[in-house]
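K.L.:
This is the structure, below, for whatever I ask next.
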Amino acid sequence: MSRTTLSRYLIEQTRSHNTPADLRFLVEVVARACKAISHAVSKGALGGVLGSMETENVQGEVQKKLDVMSNEILLEANEWGGTLAGMASEEMDKAYQIPGQYPKGAYLLMFDPLDGSSNIDVNVSVGTIFSVLRCPGECFSQNDMLGEDAFLQPGTRQVAAGYAIYGPQTMLVLTLGNGVKGFTLDRELGSFVLTHDDIRVPERTAEFAINMSNQRHWEAPVKRYVEELLAGQEGPLGKNYNMRWIASMVADVHRILTRGGIFMYPRDAREPGKPGKLRLMYEANPMSMIIEQAGGAATNGHERILDLQPQALHERVAVFLGSKEEVERVTGYHRS
Ligand code: P6P
């Protein structure tokens, strides 16, 4: 039986779910850019792409050479196709304006071009996270500058979300709003092939992911919850839990999509003004859409992440996502 490639899946979605042709084309181009990033990442030291730049991004984080390369790959791949009114990236302070020589389109693309890049030099899985919104109103008139406000839409308005994970296999995990599909890159064909047709997050789990070194900085509900996890069978939760922390959100979320779990990056007292470390628009929102589409849950400890009204392009948020039972438990502790 012929294998379903990403292109065939997208065509079938157009027929069965009226996926617009320009959205289909946008996803194909993003996937193609992820193939190019995968190729650059896999070269490692042989490609002269490891190590850091002498620069910092808008987050104040030292940029890795591959951060900058991945960002440029995504911009160059997506700016000419006529599907976008603009782009935004973790690596750029301002929204990216589609150059005047290219037509504009109806969508906004946001991405973290290389999430987990601190892991690159130690050869641990990293990834690209992307989110697609419709541009509100007439924001794709050819000559107008695109304002940041056009991006500030709640995560429920996303029309597509996905990530590529550059690990032992390169995979693309995608949702168009009707379930979550996983595609594995066949390097001989150069195609993403459908290998995970209906990804579901188990409702219950015995595995949690959090950076335990921050424990003394957490708020009380998180301290209570993690203490209960660590108390295991003898504790109030009545079962033993395992812990994983890869420090690459794409890899941790991919594990949770594959076998369940809860991922947590809570706010902490180190920087009280910051609601969390992870970014809402191009990390938490796309991952939350994927997790919810796979039957899981995602909150900031108090409310559903996808309902949050963004106030700024690079705003941060606390994240609790994964198996519904555990996300609801820790969220309940914040409310009690
Ligand atoms: P820490 C990577 O830098 C990242 O943004 C996420 O991918 C990851 O989950 C988190 O930060 C890791 O943070 O503080 O454990 O290094």
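Residues are referred to by chain and number: the chain letter is A, B, ... according to the order shown in the structure tokens, the number counts from 1 in that chain, and ligands are numbered separately from 1 in the order shown.
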For the contact check between chain A and ligand 1, emit one row per residue of chain A within 10 Å, containing the shortest atom pair and the distance in Å rounded to one decimal, counting only C-alpha atoms and all ligand atoms, chain then rising number order, as CSV.
P.N.:
```
residue,atom,partner,partner_atom_place_in_ligand_line,distance
A:Glu61,CA,ligand 1,3 (O),8.9
A:Asp112,CA,ligand 1,5 (O),9.1
A:Leu114,CA,ligand 1,7 (O),8.8
A:Asp115,CA,ligand 1,7 (O),5.1
A:Gly116,CA,ligand 1,2 (C),3.7
A:Ser117,CA,ligand 1,3 (O),6.3
A:Ser118,CA,ligand 1,3 (O),6.0
A:Asn119,CA,ligand 1,2 (C),8.1
A:Val126,CA,ligand 1,7 (O),7.9
A:Gly127,CA,ligand 1,7 (O),8.5
A:Thr128,CA,ligand 1,7 (O),9.9
A:Ile129,CA,ligand 1,7 (O),9.8
A:Ala209,CA,ligand 1,9 (O),9.2
A:Ile210,CA,ligand 1,15 (O),7.5
A:Asn211,CA,ligand 1,15 (O),5.1
A:Met212,CA,ligand 1,15 (O),8.5
A:Ser213,CA,ligand 1,15 (O),8.3
A:Asn214,CA,ligand 1,14 (O),8.2
A:Trp245,CA,ligand 1,15 (O),7.5
A:Ile246,CA,ligand 1,9 (O),7.3
A:Ala247,CA,ligand 1,12 (C),3.9
A:Ser248,CA,ligand 1,7 (O),3.7
A:Met249,CA,ligand 1,7 (O),3.6
A:Val250,CA,ligand 1,7 (O),6.3
A:Ala251,CA,ligand 1,7 (O),8.0
A:Asp252,CA,ligand 1,9 (O),7.2
A:Val253,CA,ligand 1,9 (O),8.7
A:Phe263,CA,ligand 1,9 (O),8.5
A:Met264,CA,ligand 1,9 (O),8.5
A:Tyr265,CA,ligand 1,9 (O),7.2
A:Lys277,CA,ligand 1,11 (O),6.9
A:Leu278,CA,ligand 1,5 (O),5.7
A:Arg279,CA,ligand 1,5 (O),7.9
A:Glu283,CA,ligand 1,5 (O),8.1
A:Val319,CA,ligand 1,9 (O),9.7
```
K.L.:
Can you tell me which residues surround A:Leu189 at a distance of at most 12 Å, considering only C-alpha atoms, apart from same-chain residues fewer than 4 positions away, and format the answer as a list of chain:residue names?
P.N.:
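That gives A:Arg3, A:Thr5, A:Lys35, A:Thr184, A:Leu185, A:Val193.
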K.L.:
What are the closest atom pairs, with distances in Å to one decimal, for each residue of stretch 261-326 of chain A lying within 12 Å of stretch 101-109 of chain A, using only C-alpha atoms, rows by chain and rising residue number, as CSV?
P.N.:
```
residue,atom,partner,partner_atom,distance
A:Met281,CA,A:Leu109,CA,10.2
A:Tyr282,CA,A:Leu109,CA,9.2
A:Pro286,CA,A:Leu109,CA,11.1
```
K.L.:
Quote the spacing between atom CA of A:Leu280 and atom CA of A:Glu315 in Å to one decimal place.
P.N.:
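Atom CA of A:Glu315 lies at a distance of 6.0 Å from atom CA of A:Leu280.
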K.L.:
From a DSSP calculation on the backbone, collect every residue of stretch 24-147 of chain A in helix (DSSP H, G or I) and output the set as a count of residues only.
P.N.:
44
K.L.:
List the neighbours of A:Gln59 out to 9 Å using only C-alpha atoms; skip same-chain residues closer than 5 positions along the sequence, and give me the result as an MDAnalysis selection string.
P.N.:
chainID A and resid 90:91 93 314
K.L.:
Write a file of the just-selected residues containing N, CA, C and O atoms, as a CSV table (one decimal), in the first residue's frame.
P.N.:
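Below is the file again_35.csv, written as the result:
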```csv
chain,number,residue,atom,x,y,z
A,90,GLU,N,11.0,34.0,17.8
A,90,GLU,CA,11.7,34.2,19.1
A,90,GLU,C,13.0,34.9,18.9
A,90,GLU,O,13.4,35.6,19.8
A,91,GLU,N,13.6,34.8,17.7
A,91,GLU,CA,14.9,35.4,17.4
A,91,GLU,C,14.8,36.8,16.9
A,91,GLU,O,15.9,37.4,16.7
A,93,ASP,N,13.1,40.8,17.5
A,93,ASP,CA,12.4,41.7,18.4
A,93,ASP,C,11.0,42.1,17.8
A,93,ASP,O,10.0,42.0,18.4
A,314,HIS,N,6.3,38.8,22.7
A,314,HIS,CA,7.2,37.8,23.4
A,314,HIS,C,6.9,37.6,24.8
A,314,HIS,O,7.8,37.2,25.6
```
K.L.:
Just want the 7 Å neighbourhood of A:Gly86, counted on only C-alpha atoms, with same-chain residues fewer than 4 positions away dropped. Output as a ChimeraX atom specification.
P.N.:
/A:95-98,108-109,146
K.L.:
List as a JSON list (two decimals) with all heavy atoms, in the first residue's frame the protein and nucleic acid residues near stretch 156-163 of chain A, meaning an atom at most 6 Å away when only C-alpha atoms are counted, but skip any in the same chain fewer than 2 places from it.
P.N.:
```
[["chain", "number", "residue", "atom", "x", "y", "z"],
["A", 128, "THR", "N", 11.81, 22.65, 16.05],
["A", 128, "THR", "CA", 11.19, 23.90, 15.57],
["A", 128, "THR", "C", 9.72, 23.86, 15.95],
["A", 128, "THR", "O", 9.05, 22.84, 15.72],
["A", 128, "THR", "CB", 11.32, 23.99, 14.03],
["A", 128, "THR", "OG1", 12.71, 24.03, 13.68],
["A", 128, "THR", "CG2", 10.62, 25.23, 13.49],
["A", 129, "ILE", "N", 9.21, 24.94, 16.54],
["A", 129, "ILE", "CA", 7.80, 25.00, 16.92],
["A", 129, "ILE", "C", 7.14, 26.11, 16.09],
["A", 129, "ILE", "O", 7.71, 27.20, 15.95],
["A", 129, "ILE", "CB", 7.61, 25.32, 18.42],
["A", 129, "ILE", "CG1", 8.47, 24.39, 19.30],
["A", 129, "ILE", "CG2", 6.13, 25.22, 18.82],
["A", 129, "ILE", "CD1", 8.48, 24.77, 20.78],
["A", 130, "PHE", "N", 5.96, 25.84, 15.53],
["A", 130, "PHE", "CA", 5.32, 26.90, 14.73],
["A", 130, "PHE", "C", 3.82, 26.97, 15.00],
["A", 130, "PHE", "O", 3.18, 25.99, 15.41],
["A", 130, "PHE", "CB", 5.58, 26.70, 13.23],
["A", 130, "PHE", "CG", 5.01, 25.45, 12.65],
["A", 130, "PHE", "CD1", 3.73, 25.45, 12.07],
["A", 130, "PHE", "CD2", 5.73, 24.26, 12.66],
["A", 130, "PHE", "CE1", 3.20, 24.28, 11.51],
["A", 130, "PHE", "CE2", 5.21, 23.09, 12.11],
["A", 130, "PHE", "CZ", 3.94, 23.10, 11.54],
["A", 131, "SER", "N", 3.29, 28.15, 14.77],
["A", 131, "SER", "CA", 1.87, 28.45, 15.02],
["A", 131, "SER", "C", 1.36, 29.30, 13.86],
["A", 131, "SER", "O", 2.06, 30.20, 13.39],
["A", 131, "SER", "CB", 1.73, 29.23, 16.33],
["A", 131, "SER", "OG", 0.43, 29.77, 16.47],
["A", 132, "VAL", "N", 0.14, 29.02, 13.40],
["A", 132, "VAL", "CA", -0.45, 29.78, 12.28],
["A", 132, "VAL", "C", -1.77, 30.41, 12.73],
["A", 132, "VAL", "O", -2.65, 29.72, 13.25],
["A", 132, "VAL", "CB", -0.71, 28.89, 11.05],
["A", 132, "VAL", "CG1", -1.25, 29.71, 9.89],
["A", 132, "VAL", "CG2", 0.58, 28.16, 10.63],
["A", 133, "LEU", "N", -1.87, 31.73, 12.51],
["A", 133, "LEU", "CA", -3.10, 32.48, 12.78],
["A", 133, "LEU", "C", -3.58, 33.09, 11.47],
["A", 133, "LEU", "O", -2.79, 33.29, 10.54],
["A", 133, "LEU", "CB", -2.83, 33.62, 13.77],
["A", 133, "LEU", "CG", -2.46, 33.28, 15.21],
["A", 133, "LEU", "CD1", -1.92, 34.52, 15.92],
["A", 133, "LEU", "CD2", -3.66, 32.72, 15.96],
["A", 154, "PRO", "N", -5.76, 35.14, 20.95],
["A", 154, "PRO", "CA", -5.68, 33.96, 21.82],
["A", 154, "PRO", "C", -5.41, 32.69, 21.03],
["A", 154, "PRO", "O", -5.70, 32.61, 19.84],
["A", 154, "PRO", "CB", -7.05, 33.90, 22.51],
["A", 154, "PRO", "CG", -7.93, 34.80, 21.74],
["A", 154, "PRO", "CD", -7.09, 35.78, 21.01],
["A", 172, "LEU", "N", 7.71, 15.41, 11.99],
["A", 172, "LEU", "CA", 6.85, 16.59, 11.99],
["A", 172, "LEU", "C", 5.54, 16.17, 12.66],
["A", 172, "LEU", "O", 4.93, 15.17, 12.25],
["A", 172, "LEU", "CB", 6.56, 17.06, 10.56],
["A", 172, "LEU", "CG", 5.71, 18.33, 10.43],
["A", 172, "LEU", "CD1", 6.57, 19.58, 10.68],
["A", 172, "LEU", "CD2", 5.05, 18.43, 9.06],
["A", 173, "VAL", "N", 5.14, 16.88, 13.71],
["A", 173, "VAL", "CA", 3.87, 16.61, 14.39],
["A", 173, "VAL", "C", 2.97, 17.81, 14.12],
["A", 173, "VAL", "O", 3.39, 18.96, 14.32],
["A", 173, "VAL", "CB", 4.08, 16.38, 15.89],
["A", 173, "VAL", "CG1", 2.74, 16.28, 16.62],
["A", 173, "VAL", "CG2", 4.90, 15.10, 16.11],
["A", 174, "LEU", "N", 1.75, 17.56, 13.62],
["A", 174, "LEU", "CA", 0.92, 18.63, 13.06],
["A", 174, "LEU", "C", -0.54, 18.49, 13.48],
["A", 174, "LEU", "O", -1.06, 17.36, 13.55],
["A", 174, "LEU", "CB", 1.01, 18.56, 11.53],
["A", 174, "LEU", "CG", 0.09, 19.49, 10.72],
["A", 174, "LEU", "CD1", 0.55, 20.94, 10.84],
["A", 174, "LEU", "CD2", 0.07, 19.06, 9.26],
["A", 175, "THR", "N", -1.18, 19.62, 13.78],
["A", 175, "THR", "CA", -2.63, 19.63, 13.90],
["A", 175, "THR", "C", -3.20, 20.77, 13.08],
["A", 175, "THR", "O", -2.64, 21.88, 13.07],
["A", 175, "THR", "CB", -3.11, 19.73, 15.35],
["A", 175, "THR", "OG1", -4.55, 19.63, 15.37],
["A", 175, "THR", "CG2", -2.68, 21.02, 16.01],
["A", 176, "LEU", "N", -4.30, 20.47, 12.38],
["A", 176, "LEU", "CA", -5.04, 21.50, 11.64],
["A", 176, "LEU", "C", -6.38, 21.73, 12.34],
["A", 176, "LEU", "O", -7.30, 22.31, 11.77],
["A", 176, "LEU", "CB", -5.27, 21.05, 10.20],
["A", 176, "LEU", "CG", -4.01, 20.82, 9.35],
["A", 176, "LEU", "CD1", -4.38, 20.19, 8.02],
["A", 176, "LEU", "CD2", -3.23, 22.10, 9.14],
["A", 286, "PRO", "N", 1.16, 26.93, 20.51],
["A", 286, "PRO", "CA", 1.13, 25.79, 19.57],
["A", 286, "PRO", "C", 1.17, 24.45, 20.27],
["A", 286, "PRO", "O", 0.43, 23.53, 19.91],
["A", 286, "PRO", "CB", 2.36, 26.01, 18.67],
["A", 286, "PRO", "CG", 3.18, 27.06, 19.34],
["A", 286, "PRO", "CD", 2.27, 27.86, 20.19],
["A", 306, "LEU", "N", -4.87, 28.35, 26.01],
["A", 306, "LEU", "CA", -5.41, 28.79, 24.70],
["A", 306, "LEU", "C", -6.42, 29.93, 24.85],
["A", 306, "LEU", "O", -6.71, 30.62, 23.87],
["A", 306, "LEU", "CB", -6.06, 27.61, 23.97],
["A", 306, "LEU", "CG", -5.10, 26.51, 23.49],
["A", 306, "LEU", "CD1", -5.88, 25.43, 22.75],
["A", 306, "LEU", "CD2", -3.98, 27.07, 22.62]]
```
K.L.:
Provide the atom CA of A:Gly51 to atom CA of A:Arg187 distance in Å, to one decimal place.
P.N.:
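Distance between the two atoms: 25.9 Å.
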K.L.:
Taking 3 positions as the minimum chain separation for residues in the same chain, which residues sit within 7 Å of A:Glu325 when counting only C-alpha atoms? Answer as a PyMOL selection string.
P.N.:
chain A and resi 203-204+328-329
K.L.:
Now that the selection is made, can you save its residues with C-alpha atoms as an mmCIF file, in the first residue's frame?
P.N.:
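Contents of the output file again.cif:
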```cif
data_model
loop_
_atom_site.group_PDB
_atom_site.id
_atom_site.type_symbol
_atom_site.label_atom_id
_atom_site.label_comp_id
_atom_site.auth_asym_id
_atom_site.auth_seq_id
_atom_site.Cartn_x
_atom_site.Cartn_y
_atom_site.Cartn_z
ATOM 1 C CA GLU A 203 -5.471 10.631 30.362
ATOM 2 C CA ARG A 204 -3.547 9.131 33.288
ATOM 3 C CA GLU A 328 -6.345 19.212 36.356
ATOM 4 C CA ARG A 329 -4.922 18.117 39.706
#
```
K.L.:
Near A:Phe208, within 10 Å and counting only C-alpha atoms, which residues show up once chain neighbours fewer than 3 positions away are dropped, as a short mmCIF file (atom, residue, chain, number, x, y, z; two decimals) with C-alpha atoms, in the first residue's frame?
P.N.:
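Written file, part.cif:
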```cif
data_model
loop_
_atom_site.label_atom_id
_atom_site.label_comp_id
_atom_site.auth_asym_id
_atom_site.auth_seq_id
_atom_site.Cartn_x
_atom_site.Cartn_y
_atom_site.Cartn_z
CA THR A 205 0.20 8.99 33.76
CA VAL A 226 5.65 17.79 43.31
CA LEU A 229 4.52 13.02 43.22
CA TYR A 241 6.03 8.38 39.59
CA ASN A 242 9.04 8.55 37.28
CA MET A 243 10.72 11.82 36.27
CA ARG A 244 12.21 12.99 32.99
CA TRP A 245 13.62 16.46 32.09
CA ASP A 252 9.65 16.58 26.46
CA ILE A 256 4.28 13.08 26.53
CA GLY A 260 1.74 10.41 28.49
CA GLY A 261 3.09 12.59 31.29
CA ILE A 262 2.86 16.10 32.65
CA PHE A 263 5.27 18.88 31.60
CA MET A 264 5.68 21.82 33.97
CA GLY A 322 -0.07 16.82 29.23
CA SER A 323 -2.20 14.04 30.69
CA GLU A 326 -2.53 15.44 36.36
#
```
K.L.:
Can you work out the spacing between atom CA of A:Arg267 and atom CA of A:Val122 in Å, to one decimal?
P.N.:
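Taking atom CA of A:Arg267 as the start and atom CA of A:Val122 as the end point, the length is 26.6 Å.
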K.L.:
Given the choices A:Ile165, A:Leu313, A:Ala220, A:Thr331, which gets closest to A:Glu148 if the distance is worked out from only C-alpha atoms?
P.N.:
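Result for the nearest residue to A:Glu148: A:Leu313.
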K.L.:
Considering only C-alpha atoms, can you say which of A:Ala164, A:Val330, A:Lys94, A:Thr83 comes closest to A:Leu237?
P.N.:
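Smallest separation from A:Leu237 among the options: A:Val330.
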K.L.:
So which bits of stretch 49-275 of chain A end up strand (DSSP E or B) when you DSSP the backbone, as JSON, numbers by chain?
P.N.:
{"A": [52, 53, 54, 55, 56, 62, 63, 64, 84, 85, 86, 87, 88, 89, 96, 97, 107, 108, 109, 110, 111, 112, 113, 114, 115, 126, 127, 128, 129, 130, 131, 132, 133, 134, 160, 161, 162, 163, 164, 165, 166, 170, 171, 172, 173, 174, 175, 180, 181, 182, 183, 184, 185, 186, 191, 192, 193, 194, 195, 196, 207, 208, 209, 218, 242, 243, 262, 263, 264, 265, 268]}
